[in-house]
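Text of final16.cif (mmCIF, C-alpha atoms) as supplied:
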data_entry
loop_
_atom_site.label_atom_id
_atom_site.label_comp_id
_atom_site.auth_asym_id
_atom_site.auth_seq_id
_atom_site.Cartn_x
_atom_site.Cartn_y
_atom_site.Cartn_z
CA MET Z 393 14.05 -17.27 2.11
CA LYS Z 394 15.93 -20.23 0.67
CA ILE Z 395 15.58 -20.68 -3.09
CA LEU Z 396 16.82 -23.50 -5.31
CA VAL Z 397 17.59 -22.35 -8.86
CA VAL Z 398 17.60 -25.18 -11.40
CA ASP Z 399 18.94 -24.06 -14.78
CA ASP Z 400 21.75 -25.25 -17.04
CA SER Z 401 22.35 -21.77 -18.47
CA SER Z 402 25.18 -19.90 -16.78
CA ALA Z 403 23.72 -16.61 -18.11
CA VAL Z 404 20.41 -17.25 -16.31
CA ARG Z 405 22.19 -18.28 -13.12
CA PHE Z 406 24.27 -15.07 -13.31
CA PHE Z 407 21.14 -12.93 -13.88
CA LEU Z 408 19.40 -14.53 -10.90
CA ARG Z 409 22.44 -14.18 -8.64
CA GLU Z 410 22.60 -10.48 -9.53
CA SER Z 411 18.85 -10.02 -9.12
CA PHE Z 412 18.82 -11.41 -5.61
CA GLU Z 413 22.02 -9.69 -4.51
CA SER Z 414 20.37 -7.13 -2.23
CA ALA Z 415 17.45 -9.35 -1.16
CA ALA Z 416 17.38 -11.51 1.98
CA VAL Z 417 17.64 -14.73 0.01
CA ASN Z 418 19.90 -17.78 0.21
CA LEU Z 419 20.46 -19.21 -3.25
CA GLU Z 420 21.47 -22.73 -4.18
CA PHE Z 421 22.08 -23.75 -7.78
CA ALA Z 422 21.56 -26.98 -9.68
CA GLN Z 423 22.24 -27.47 -13.39
CA ASN Z 424 19.72 -30.23 -14.05
CA GLY Z 425 16.83 -32.10 -12.47
CA ILE Z 426 18.98 -34.87 -10.98
CA GLU Z 427 21.12 -32.35 -9.10
CA ALA Z 428 17.98 -30.52 -8.03
CA LEU Z 429 16.38 -33.64 -6.54
CA GLU Z 430 19.63 -34.45 -4.71
CA LYS Z 431 19.79 -30.94 -3.22
CA GLN Z 432 16.12 -31.02 -2.28
CA SER Z 433 16.61 -34.34 -0.45
CA GLU Z 434 19.45 -32.83 1.58
CA GLN Z 435 17.99 -29.41 2.39
CA THR Z 436 14.66 -27.68 2.77
CA PHE Z 437 13.84 -24.93 0.29
CA ASP Z 438 11.06 -22.35 0.37
CA LEU Z 439 10.87 -22.18 -3.42
CA VAL Z 440 12.25 -23.80 -6.56
CA LEU Z 441 12.86 -21.84 -9.79
CA LEU Z 442 12.87 -24.50 -12.47
CA ASP Z 443 14.01 -24.35 -16.11
CA TRP Z 444 12.18 -26.53 -18.67
CA GLU Z 445 14.87 -27.77 -21.04
CA MET Z 446 17.86 -29.27 -19.25
CA PRO Z 447 20.13 -32.28 -19.75
CA LEU Z 448 19.70 -35.55 -17.79
CA LEU Z 449 16.31 -34.68 -16.30
CA ASN Z 450 14.21 -31.88 -17.74
CA GLY Z 451 11.89 -29.46 -15.93
CA PRO Z 452 8.55 -31.27 -16.36
CA ASP Z 453 10.01 -34.63 -15.23
CA THR Z 454 11.70 -32.94 -12.27
CA LEU Z 455 8.40 -31.26 -11.41
CA LYS Z 456 6.55 -34.60 -11.49
CA THR Z 457 8.99 -36.08 -8.97
CA LEU Z 458 9.00 -32.96 -6.79
CA ARG Z 459 5.20 -32.91 -6.69
CA GLY Z 460 5.10 -36.58 -5.65
CA LEU Z 461 7.56 -36.04 -2.81
CA TYR Z 462 6.83 -32.44 -1.78
CA PRO Z 463 3.26 -31.55 -2.75
CA GLN Z 464 3.33 -28.17 -0.96
CA LEU Z 465 6.68 -26.93 -2.28
CA PRO Z 466 6.19 -23.76 -4.40
CA VAL Z 467 7.72 -24.24 -7.87
CA ILE Z 468 7.95 -21.56 -10.55
CA MET Z 469 8.72 -22.73 -14.08
CA MET Z 470 10.96 -20.29 -16.00
CA THR Z 471 11.29 -21.05 -19.67
CA THR Z 472 11.46 -19.77 -23.22
CA LYS Z 473 8.47 -22.00 -23.99
CA ASN Z 474 5.72 -19.42 -24.22
CA ALA Z 475 2.88 -21.32 -25.90
CA THR Z 476 -0.36 -21.72 -23.98
CA ALA Z 477 -0.17 -25.50 -24.52
CA ASP Z 478 3.18 -25.62 -22.69
CA MET Z 479 1.82 -23.54 -19.84
CA GLN Z 480 -1.16 -25.84 -19.57
CA VAL Z 481 1.16 -28.86 -19.35
CA ALA Z 482 3.08 -27.21 -16.52
CA PHE Z 483 -0.08 -26.36 -14.59
CA ASN Z 484 -1.44 -29.87 -15.10
CA LEU Z 485 1.78 -31.13 -13.50
CA GLY Z 486 1.17 -28.83 -10.53
CA VAL Z 487 3.48 -25.87 -11.10
CA SER Z 488 2.70 -22.88 -8.86
CA GLU Z 489 3.51 -20.16 -11.42
CA TYR Z 490 5.05 -19.75 -14.84
CA MET Z 491 7.56 -17.16 -16.08
CA MET Z 492 8.34 -16.70 -19.73
CA LYS Z 493 11.96 -15.82 -20.51
CA PRO Z 494 13.12 -13.16 -20.82
CA PHE Z 495 11.72 -11.67 -17.62
CA THR Z 496 12.78 -8.76 -15.46
CA ARG Z 497 13.70 -8.53 -11.79
CA ASP Z 498 10.37 -6.88 -10.91
CA ILE Z 499 8.45 -9.72 -12.58
CA LEU Z 500 10.60 -12.30 -10.80
CA PHE Z 501 10.04 -10.70 -7.40
CA ALA Z 502 6.29 -10.24 -7.98
CA LYS Z 503 5.84 -13.89 -8.97
CA ILE Z 504 7.81 -15.06 -5.93
CA GLU Z 505 5.69 -12.87 -3.66
CA GLN Z 506 2.56 -14.20 -5.32
CA VAL Z 507 3.38 -17.88 -4.69
CA THR Z 508 5.11 -17.59 -1.30
CA GLY Z 509 3.12 -14.66 0.16
CA ARG Z 510 6.47 -13.21 1.30
CA THR Z 511 7.88 -9.83 0.30
CA LEU Z 512 11.44 -9.72 -0.97
CA GLY Z 513 11.86 -5.92 -0.86
CA MET Q 185 13.09 34.65 -24.31
CA ASP Q 186 12.57 32.04 -21.56
CA ASN Q 187 14.88 29.08 -21.35
CA PRO Q 188 13.03 26.48 -23.50
CA LEU Q 189 13.04 23.94 -20.67
CA CYS Q 190 11.37 26.46 -18.30
CA PHE Q 191 8.88 27.27 -21.05
CA PHE Q 192 7.97 23.59 -21.61
CA ALA Q 193 7.80 22.87 -17.88
CA LYS Q 194 5.29 25.72 -17.56
CA TYR Q 195 3.41 24.64 -20.70
CA ILE Q 196 2.98 21.07 -19.39
CA GLU Q 197 1.96 22.31 -15.96
CA ASN Q 198 -0.69 24.60 -17.48
CA GLU Q 199 -2.06 21.84 -19.72
CA LEU Q 200 -1.80 18.81 -17.43
CA GLY Q 201 -0.99 20.10 -13.98
CA ILE Q 202 2.13 17.90 -13.99
CA VAL Q 203 4.94 19.70 -12.25
CA TYR Q 204 8.54 19.36 -13.45
CA SER Q 205 10.90 20.78 -10.86
CA PRO Q 206 14.28 22.07 -12.13
CA ASP Q 207 15.81 18.88 -10.63
CA ASN Q 208 13.85 16.87 -13.21
CA TYR Q 209 14.57 19.08 -16.22
CA PHE Q 210 17.01 16.47 -17.54
CA GLN Q 211 14.06 14.05 -17.79
CA LEU Q 212 11.98 16.69 -19.55
CA GLN Q 213 14.88 17.39 -21.90
CA ASN Q 214 15.17 13.68 -22.81
CA ARG Q 215 11.48 13.55 -23.63
CA LEU Q 216 11.58 16.75 -25.69
CA GLU Q 217 14.56 15.39 -27.63
CA GLU Q 218 12.48 12.33 -28.56
CA ILE Q 219 9.86 14.67 -30.03
CA VAL Q 220 12.55 16.65 -31.86
CA ARG Q 221 13.79 13.42 -33.45
CA TYR Q 222 10.25 12.31 -34.31
CA PHE Q 223 9.43 15.56 -36.17
CA GLN Q 224 13.00 15.89 -37.47
CA PHE Q 225 13.38 19.38 -36.02
CA SER Q 226 16.86 20.89 -35.76
CA GLY Q 227 16.65 20.99 -31.95
CA ILE Q 228 14.60 21.94 -28.89
CA GLU Q 229 14.82 25.59 -29.98
CA GLU Q 230 12.85 24.83 -33.17
CA LEU Q 231 10.30 22.84 -31.16
CA HIS Q 232 10.02 25.86 -28.85
CA GLN Q 233 9.33 28.18 -31.81
CA LYS Q 234 6.61 25.86 -33.17
CA VAL Q 235 4.84 25.70 -29.83
CA LEU Q 236 5.09 29.47 -29.31
CA VAL Q 237 3.18 30.15 -32.53
CA GLY Q 238 0.56 27.52 -31.65
CA PRO Q 239 1.45 23.84 -32.11
CA PRO Q 240 -0.44 21.69 -34.63
CA ALA Q 241 -2.75 19.12 -32.99
CA ASP Q 242 -0.40 16.15 -33.52
CA LEU Q 243 2.54 17.98 -31.96
CA ARG Q 244 0.45 19.16 -29.01
CA GLN Q 245 -0.85 15.62 -28.39
CA LEU Q 246 2.67 14.18 -28.55
CA LEU Q 247 3.91 16.78 -26.07
CA LEU Q 248 1.15 15.81 -23.66
CA ASP Q 249 1.73 12.09 -24.29
CA THR Q 250 5.42 12.24 -23.53
CA ALA Q 251 4.89 14.28 -20.39
CA THR Q 252 2.81 11.59 -18.73
CA ASN Q 253 4.20 8.61 -16.84
CA ASN Q 254 2.51 5.51 -18.18
CA GLU Q 255 3.86 3.07 -15.66
CA THR Q 256 1.23 0.45 -14.83
CA SER Q 257 0.69 -3.25 -14.35
CA PHE Q 258 -2.14 -5.72 -13.92
CA PHE Q 259 -3.58 -5.76 -10.37
CA ARG Q 260 -1.06 -3.07 -9.40
CA ASP Q 261 -0.73 -2.81 -5.60
CA GLY Q 262 -3.19 -5.71 -5.11
CA LYS Q 263 -4.93 -4.30 -2.00
CA PRO Q 264 -7.55 -2.10 -3.73
CA PHE Q 265 -8.59 -5.08 -5.86
CA GLN Q 266 -8.93 -7.21 -2.74
CA ALA Q 267 -11.06 -4.45 -1.17
CA LEU Q 268 -13.22 -4.40 -4.26
CA ARG Q 269 -13.72 -8.15 -4.10
CA GLU Q 270 -14.41 -8.33 -0.38
CA VAL Q 271 -16.22 -5.07 0.40
CA VAL Q 272 -17.09 -2.82 -2.51
CA LEU Q 273 -18.66 -5.11 -5.11
CA PRO Q 274 -20.72 -7.14 -2.59
CA ASN Q 275 -22.03 -3.87 -1.15
CA LEU Q 276 -22.79 -2.20 -4.48
CA ALA Q 277 -24.32 -5.38 -5.93
CA LYS Q 278 -27.14 -5.08 -3.38
CA LYS Q 279 -28.59 -2.13 -5.29
CA GLY Q 280 -29.25 -4.41 -8.27
CA SER Q 281 -28.56 -1.84 -10.98
CA VAL Q 282 -25.52 -1.47 -13.24
CA ILE Q 283 -22.33 -0.63 -11.34
CA ARG Q 284 -20.26 2.02 -13.14
CA ILE Q 285 -16.50 2.01 -12.56
CA TRP Q 286 -14.09 4.64 -13.86
CA SER Q 287 -10.38 4.06 -14.34
CA ALA Q 288 -9.57 7.75 -14.54
CA ALA Q 289 -5.86 7.54 -15.40
CA SER Q 290 -5.95 4.24 -17.21
CA SER Q 291 -2.63 4.40 -19.01
CA THR Q 292 -2.47 1.36 -21.32
CA GLY Q 293 -5.48 -0.32 -19.71
CA GLN Q 294 -4.08 -2.87 -17.30
CA GLU Q 295 -6.07 -1.34 -14.42
CA ALA Q 296 -9.35 -1.35 -16.35
CA TYR Q 297 -8.87 -4.92 -17.57
CA SER Q 298 -7.85 -6.08 -14.09
CA LEU Q 299 -11.16 -4.64 -12.86
CA ALA Q 300 -13.03 -6.42 -15.65
CA ILE Q 301 -11.31 -9.75 -14.86
CA LEU Q 302 -12.09 -9.29 -11.17
CA VAL Q 303 -15.77 -8.66 -11.99
CA GLU Q 304 -15.88 -11.74 -14.23
CA GLU Q 305 -14.33 -13.85 -11.45
CA MET Q 306 -16.89 -12.47 -8.97
CA LYS Q 307 -19.93 -13.23 -11.08
CA PRO Q 308 -20.55 -16.76 -9.73
CA PHE Q 309 -20.65 -15.29 -6.21
CA LEU Q 310 -22.76 -12.24 -7.05
CA PRO Q 311 -25.42 -13.44 -9.49
CA GLY Q 312 -26.88 -10.67 -11.64
CA LEU Q 313 -23.79 -8.47 -11.21
CA LYS Q 314 -23.72 -5.92 -14.03
CA VAL Q 315 -20.71 -3.66 -14.47
CA GLU Q 316 -19.58 -1.03 -16.97
CA ILE Q 317 -16.02 0.26 -16.92
CA LEU Q 318 -14.79 3.51 -18.44
CA ALA Q 319 -11.04 3.79 -19.04
CA THR Q 320 -9.72 7.28 -19.77
CA ASP Q 321 -6.36 8.95 -20.00
CA ILE Q 322 -4.98 12.25 -21.24
CA SER Q 323 -2.86 10.45 -23.82
CA ARG Q 324 -4.55 9.42 -27.08
CA ARG Q 325 -1.68 7.00 -27.74
CA VAL Q 326 -2.28 4.97 -24.56
CA VAL Q 327 -6.08 5.11 -24.90
CA ASP Q 328 -5.72 3.56 -28.36
CA ARG Q 329 -3.75 0.76 -26.73
CA VAL Q 330 -6.58 0.17 -24.23
CA SER Q 331 -8.98 -0.15 -27.16
CA ARG Q 332 -6.72 -2.72 -28.82
CA GLY Q 333 -6.30 -4.78 -25.64
CA LEU Q 334 -3.07 -6.27 -26.96
CA TYR Q 335 -0.13 -6.72 -24.60
CA SER Q 336 3.48 -7.86 -24.83
CA GLN Q 337 4.87 -10.89 -23.06
CA LEU Q 338 6.55 -8.66 -20.47
CA GLU Q 339 3.36 -6.66 -19.86
CA VAL Q 340 1.19 -9.72 -19.22
CA GLN Q 341 3.77 -11.05 -16.77
CA ARG Q 342 3.55 -7.89 -14.64
CA GLY Q 343 1.00 -8.63 -11.93
CA LEU Q 344 -1.20 -11.05 -13.86
CA PRO Q 345 -1.24 -14.60 -12.45
CA THR Q 346 -0.63 -17.06 -15.30
CA PRO Q 347 -3.91 -18.97 -14.76
CA LEU Q 348 -5.77 -15.70 -15.44
CA LEU Q 349 -3.61 -15.10 -18.52
CA LEU Q 350 -4.57 -18.53 -19.85
CA LYS Q 351 -8.22 -17.95 -19.03
CA TYR Q 352 -8.74 -14.45 -20.42
CA PHE Q 353 -6.13 -13.89 -23.15
CA LYS Q 354 -5.39 -15.42 -26.51
CA GLN Q 355 -1.85 -15.68 -27.80
CA VAL Q 356 -1.30 -13.77 -31.06
CA GLY Q 357 2.29 -14.30 -32.19
CA ASP Q 358 4.44 -13.03 -29.35
CA GLN Q 359 1.61 -10.84 -27.98
CA TRP Q 360 -1.51 -11.50 -25.94
CA GLN Q 361 -5.01 -10.34 -26.83
CA ILE Q 362 -7.61 -9.82 -24.11
CA ASN Q 363 -10.72 -11.84 -24.91
CA ALA Q 364 -13.88 -10.25 -26.24
CA ASP Q 365 -15.99 -10.87 -23.13
CA ILE Q 366 -13.56 -8.99 -20.90
CA LYS Q 367 -13.04 -6.28 -23.49
CA SER Q 368 -16.78 -5.70 -23.74
CA TYR Q 369 -16.84 -4.35 -20.16
CA VAL Q 370 -14.48 -1.51 -21.06
CA LYS Q 371 -15.25 1.70 -22.95
CA THR Q 372 -12.48 4.22 -23.56
CA GLY Q 373 -12.01 7.96 -23.93
CA VAL Q 374 -9.44 10.76 -23.83
CA VAL Q 375 -10.04 12.87 -20.73
CA ASN Q 376 -7.87 15.55 -19.15
CA LEU Q 377 -8.43 15.56 -15.39
CA CYS Q 378 -7.34 19.20 -15.38
CA GLY Q 379 -10.36 20.03 -17.55
CA ASN Q 380 -14.08 19.68 -17.02
CA PHE Q 381 -15.10 16.03 -16.83
CA THR Q 382 -18.09 16.06 -14.48
CA ASN Q 383 -20.49 15.13 -17.32
CA LEU Q 384 -18.97 11.61 -17.28
CA GLY Q 385 -20.53 10.67 -13.94
CA PRO Q 386 -22.05 9.41 -11.81
CA PHE Q 387 -19.75 6.49 -11.01
CA ASP Q 388 -20.03 3.98 -8.19
CA VAL Q 389 -16.27 3.44 -8.08
CA ILE Q 390 -13.49 5.73 -9.27
CA PHE Q 391 -9.89 4.55 -9.47
CA CYS Q 392 -7.71 7.65 -9.73
CA ARG Q 393 -4.29 6.45 -8.71
CA ASN Q 394 -0.92 8.17 -8.96
CA VAL Q 395 -2.33 11.29 -10.57
CA LEU Q 396 -2.34 13.73 -7.66
CA ILE Q 397 1.29 13.06 -6.72
CA TYR Q 398 2.41 14.98 -9.82
CA GLN Q 399 0.17 18.00 -9.15
CA ARG Q 400 0.43 21.20 -7.12
CA LEU Q 401 -1.86 21.44 -4.08
CA GLU Q 402 -4.44 23.80 -5.66
CA ARG Q 403 -4.72 21.55 -8.70
CA LYS Q 404 -5.07 18.44 -6.48
CA ALA Q 405 -7.99 20.10 -4.70
CA GLU Q 406 -9.59 21.06 -8.01
CA ILE Q 407 -9.29 17.51 -9.40
CA VAL Q 408 -10.70 15.97 -6.22
CA ARG Q 409 -13.66 18.40 -6.32
CA GLY Q 410 -14.34 17.20 -9.86
CA LEU Q 411 -14.05 13.55 -8.83
CA ALA Q 412 -16.46 14.17 -5.94
CA ARG Q 413 -19.02 15.59 -8.37
CA CYS Q 414 -18.65 12.41 -10.50
CA LEU Q 415 -19.08 10.03 -7.57
CA SER Q 416 -22.51 8.61 -6.77
CA SER Q 417 -23.74 9.21 -3.22
CA GLU Q 418 -22.93 5.57 -2.33
CA GLY Q 419 -19.68 5.57 -4.32
CA TYR Q 420 -16.06 4.77 -3.51
CA LEU Q 421 -12.92 6.62 -4.56
CA VAL Q 422 -9.59 4.79 -4.70
CA MET Q 423 -6.33 6.72 -4.85
CA GLY Q 424 -2.70 5.64 -5.07
CA ALA Q 425 -0.98 4.06 -2.07
CA GLY Q 426 1.19 7.16 -1.64
CA GLU Q 427 -1.65 9.68 -1.97
CA SER Q 428 -3.99 11.12 0.64
CA MET Q 429 -6.71 13.73 1.09
CA MET Q 430 -4.69 15.58 3.70
CA GLY Q 431 -4.85 19.28 2.89
CA VAL Q 432 -6.70 18.47 -0.34
CA SER Q 433 -10.34 17.91 0.62
CA GLN Q 434 -12.52 17.62 3.70
CA ASP Q 435 -15.49 16.19 1.84
CA PHE Q 436 -14.42 12.56 2.24
CA ASP Q 437 -14.10 10.03 5.02
CA GLN Q 438 -11.29 7.54 4.85
CA HIS Q 439 -12.09 3.82 5.37
CA ASP Q 440 -9.28 1.34 5.90
CA VAL Q 441 -10.47 -2.05 4.69
CA GLY Q 442 -7.02 -3.39 3.84
CA ALA Q 443 -6.80 -0.64 1.23
CA ILE Q 444 -7.81 2.96 1.85
CA LEU Q 445 -11.20 3.77 0.32
CA TYR Q 446 -12.70 7.26 0.29
CA ARG Q 447 -16.44 7.89 0.57
CA MET Q 448 -18.38 11.10 0.89
CA LYS Q 449 -18.71 12.09 4.57
CA GLY Q 450 -21.17 10.14 6.68
CA LYS Q 451 -21.03 6.79 4.86
CA SER Q 452 -19.77 3.53 6.36
CA ALA Q 453 -17.30 1.34 4.43
CA ALA Q 454 -19.97 -1.20 3.50
#
In structure tokens, write the structure found in this file.
Amino acid sequence: MKILVVDDSSAVRFFLRESFESAAVNLEFAQNGIEALEKQSEQTFDLVLLDWEMPLLNGPDTLKTLRGLYPQLPVIMMTTKNATADMQVAFNLGVSEYMMKPFTRDILFAKIEQVTGRTLG
Amino acid sequence: MDNPLCFFAKYIENELGIVYSPDNYFQLQNRLEEIVRYFQFSGIEELHQKVLVGPPADLRQLLLDTATNNETSFFRDGKPFQALREVVLPNLAKKGSVIRIWSAASSTGQEAYSLAILVEEMKPFLPGLKVEILATDISRRVVDRVSRGLYSQLEVQRGLPTPLLLKYFKQVGDQWQINADIKSYVKTGVVNLCGNFTNLGPFDVIFCRNVLIYQRLERKAEIVRGLARCLSSEGYLVMGAGESMMGVSQDFDQHDVGAILYRMKGKSAA
């Protein structure tokens, strides 16, 4: 499975790299929405893990563009924004799932399996 | 005098049927040390003395609480829930009366509330569906949590799709409260599956998952005999993915409908 991680936090990128270490996953990283859209135009991903608050282009605006161009692409929002109103915004924009930070590896894997239908092991 | 760890392993096995092998004594020791700290005893030896002379009710309950594994999540191992949606509820709904479901080792209630959410989601497709759910556990502490229906951010992220979280929970600070409609399906109680519980039945569905794996064979057979007496003649028993009836009981047929369901001999899956 090929996953694009979009997050400006090096700590989150480190956590995700560690989490996927023993899984059959190819990871690509982007630090903001602009980089993410560039990577997505060059390669095909099975899933995008998308932060909300980022410089240059934030998560919701990135999601809007991704949904316009790639309506079927699974996108999981991962964010410290844990209010129901924020979640509702994300779902209205077409996010596939929503993870509130902090989350654990088992939650991450379960959400990925839920939206892709594929087991990570 | 016995080694205190051997004594407590035997005590817990007698009370709950849960077997601690010597390989797992370190785990038992960690749990006993938590109790020692809680009661401010001088050590496990003092705890041992208290239990030998007959432990007060709060100490006994805490011993039993800490011996149980409360690991759970919403819609854990999704297959039984899918079987319920596709086979069990449509079949049982035909009878027209109230369907009684028992979550027999409910832990903190995620299984019981997953069942309630599933029923609520099924209602438009099965008009007139009426369901009661009983959630029981040996631990008073976890049963109290079922009654509260309040979960942490991490707990609601385990197995619960976010759209269902938004639909059936209300945010209270950094926690999530199950809504009153879902809560009203679920009644709670403290029940030891190693005791006599047959007066609770009959149930149309019993979820008893990841209980037998901790028990010795004779105790497994005894618990399953009790469950069989609680199951209605048309009922379904669901056990954990790693559990089976092999060597335990010959009273059930196994039906593979995506998940393994057990019914009394001679019944079809639907």
- Message: Residues of chain Z within 12 Å of chain Q, counting only C-alpha atoms, what are they? List them as an MDAnalysis selection string.
- Response: chainID Z and resid 468:470 472:484 486:507
- Can you turn the PyMOL selection byres ((chain Q and resi 236-247) around 9) into a concrete residue list for this file, as a VMD selection string? chain Q and resid 196 215 to 216 219 223 231 to 235 248 to 251 322 to 325
- Item | Resolved residues for the PyMOL selection byres ((chain Q and resi 304) around 12) as a PyMOL selection string | chain Q and resi 269+273+297-303+305-316+348+351-352+363+365-369
Residue subset to file, keeping C-alpha atoms, as a PDB file, keeping the file's coordinate frame:
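Contents of the output file again16.pdb:
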ATOM      1  CA  ARG Q 269     -13.720  -8.150  -4.100  1.00  0.00           C
ATOM      2  CA  LEU Q 273     -18.660  -5.110  -5.110  1.00  0.00           C
ATOM      3  CA  TYR Q 297      -8.870  -4.920 -17.570  1.00  0.00           C
ATOM      4  CA  SER Q 298      -7.850  -6.080 -14.090  1.00  0.00           C
ATOM      5  CA  LEU Q 299     -11.160  -4.640 -12.860  1.00  0.00           C
ATOM      6  CA  ALA Q 300     -13.030  -6.420 -15.650  1.00  0.00           C
ATOM      7  CA  ILE Q 301     -11.310  -9.750 -14.860  1.00  0.00           C
ATOM      8  CA  LEU Q 302     -12.090  -9.290 -11.170  1.00  0.00           C
ATOM      9  CA  VAL Q 303     -15.770  -8.660 -11.990  1.00  0.00           C
ATOM     10  CA  GLU Q 305     -14.330 -13.850 -11.450  1.00  0.00           C
ATOM     11  CA  MET Q 306     -16.890 -12.470  -8.970  1.00  0.00           C
ATOM     12  CA  LYS Q 307     -19.930 -13.230 -11.080  1.00  0.00           C
ATOM     13  CA  PRO Q 308     -20.550 -16.760  -9.730  1.00  0.00           C
ATOM     14  CA  PHE Q 309     -20.650 -15.290  -6.210  1.00  0.00           C
ATOM     15  CA  LEU Q 310     -22.760 -12.240  -7.050  1.00  0.00           C
ATOM     16  CA  PRO Q 311     -25.420 -13.440  -9.490  1.00  0.00           C
ATOM     17  CA  GLY Q 312     -26.880 -10.670 -11.640  1.00  0.00           C
ATOM     18  CA  LEU Q 313     -23.790  -8.470 -11.210  1.00  0.00           C
ATOM     19  CA  LYS Q 314     -23.720  -5.920 -14.030  1.00  0.00           C
ATOM     20  CA  VAL Q 315     -20.710  -3.660 -14.470  1.00  0.00           C
ATOM     21  CA  GLU Q 316     -19.580  -1.030 -16.970  1.00  0.00           C
ATOM     22  CA  LEU Q 348      -5.770 -15.700 -15.440  1.00  0.00           C
ATOM     23  CA  LYS Q 351      -8.220 -17.950 -19.030  1.00  0.00           C
ATOM     24  CA  TYR Q 352      -8.740 -14.450 -20.420  1.00  0.00           C
ATOM     25  CA  ASN Q 363     -10.720 -11.840 -24.910  1.00  0.00           C
ATOM     26  CA  ASP Q 365     -15.990 -10.870 -23.130  1.00  0.00           C
ATOM     27  CA  ILE Q 366     -13.560  -8.990 -20.900  1.00  0.00           C
ATOM     28  CA  LYS Q 367     -13.040  -6.280 -23.490  1.00  0.00           C
ATOM     29  CA  SER Q 368     -16.780  -5.700 -23.740  1.00  0.00           C
ATOM     30  CA  TYR Q 369     -16.840  -4.350 -20.160  1.00  0.00           C
TER      31      TYR Q 369
END
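Atom CA of Q:Gly293 is found 8.2 Å from atom CA of Q:Ser331.
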- Query: Out of Z:Asn450, Z:Leu461, Z:Gly509, Z:Leu485, which residue has the shortest atom-to-atom distance to Z:Ser433 when counting all atoms listed in the file?
  - Reply: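 So, comparing all the options, the nearest one is Z:Leu461.
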Determine, counting only C-alpha atoms, which protein, DNA and RNA residues have an atom within 10 Å of an atom of Q:Val356; residues of the same chain fewer than 6 positions away are not included. Present the result as a PDB file with C-alpha atoms, in the frame of the given file.
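This is the output file out_11.pdb:
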ATOM      1  CA  LEU Q 334      -3.070  -6.270 -26.960  1.00  0.00           C
ATOM      2  CA  TYR Q 335      -0.130  -6.720 -24.600  1.00  0.00           C
ATOM      3  CA  SER Q 336       3.480  -7.860 -24.830  1.00  0.00           C
TER       4      SER Q 336
END
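Picture a line from atom CA of Q:Gly419 to atom CA of Q:Asp388; it runs 4.2 Å.
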- Task: For Z:Glu445, list every protein, DNA or RNA residue within 10 Å, evaluated using only C-alpha atoms, and leave out those in the same chain fewer than 3 positions away; present the list as a list in words.
- Result: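 Residues meeting the cut-off are Asp399, Asp400, Ser401, Asn424, Gly425, Leu442, Leu448, Leu449, Asn450, Gly451, Pro452, Met470, Thr471, Thr472 and Lys473 of chain Z.
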Any chance you could work out the residue set of the PyMOL selection byres ((chain Z and resi 416-420) around 12) here, as an mmCIF file with C-alpha atoms, in the frame of the given file?
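result27.cif was written with the following content:
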data_model
loop_
_atom_site.group_PDB
_atom_site.id
_atom_site.type_symbol
_atom_site.label_atom_id
_atom_site.label_comp_id
_atom_site.auth_asym_id
_atom_site.auth_seq_id
_atom_site.Cartn_x
_atom_site.Cartn_y
_atom_site.Cartn_z
ATOM 1 C CA MET Z 393 14.050 -17.270 2.110
ATOM 2 C CA LYS Z 394 15.930 -20.230 0.670
ATOM 3 C CA ILE Z 395 15.580 -20.680 -3.090
ATOM 4 C CA LEU Z 396 16.820 -23.500 -5.310
ATOM 5 C CA VAL Z 397 17.590 -22.350 -8.860
ATOM 6 C CA VAL Z 398 17.600 -25.180 -11.400
ATOM 7 C CA ASP Z 399 18.940 -24.060 -14.780
ATOM 8 C CA ARG Z 405 22.190 -18.280 -13.120
ATOM 9 C CA PHE Z 406 24.270 -15.070 -13.310
ATOM 10 C CA LEU Z 408 19.400 -14.530 -10.900
ATOM 11 C CA ARG Z 409 22.440 -14.180 -8.640
ATOM 12 C CA GLU Z 410 22.600 -10.480 -9.530
ATOM 13 C CA SER Z 411 18.850 -10.020 -9.120
ATOM 14 C CA PHE Z 412 18.820 -11.410 -5.610
ATOM 15 C CA GLU Z 413 22.020 -9.690 -4.510
ATOM 16 C CA SER Z 414 20.370 -7.130 -2.230
ATOM 17 C CA ALA Z 415 17.450 -9.350 -1.160
ATOM 18 C CA PHE Z 421 22.080 -23.750 -7.780
ATOM 19 C CA ALA Z 422 21.560 -26.980 -9.680
ATOM 20 C CA GLN Z 423 22.240 -27.470 -13.390
ATOM 21 C CA GLU Z 427 21.120 -32.350 -9.100
ATOM 22 C CA ALA Z 428 17.980 -30.520 -8.030
ATOM 23 C CA GLU Z 430 19.630 -34.450 -4.710
ATOM 24 C CA LYS Z 431 19.790 -30.940 -3.220
ATOM 25 C CA GLN Z 432 16.120 -31.020 -2.280
ATOM 26 C CA GLU Z 434 19.450 -32.830 1.580
ATOM 27 C CA GLN Z 435 17.990 -29.410 2.390
ATOM 28 C CA THR Z 436 14.660 -27.680 2.770
ATOM 29 C CA PHE Z 437 13.840 -24.930 0.290
ATOM 30 C CA ASP Z 438 11.060 -22.350 0.370
ATOM 31 C CA LEU Z 439 10.870 -22.180 -3.420
ATOM 32 C CA VAL Z 440 12.250 -23.800 -6.560
ATOM 33 C CA LEU Z 441 12.860 -21.840 -9.790
ATOM 34 C CA PHE Z 501 10.040 -10.700 -7.400
ATOM 35 C CA ILE Z 504 7.810 -15.060 -5.930
ATOM 36 C CA ARG Z 510 6.470 -13.210 1.300
ATOM 37 C CA THR Z 511 7.880 -9.830 0.300
ATOM 38 C CA LEU Z 512 11.440 -9.720 -0.970
ATOM 39 C CA GLY Z 513 11.860 -5.920 -0.860
#
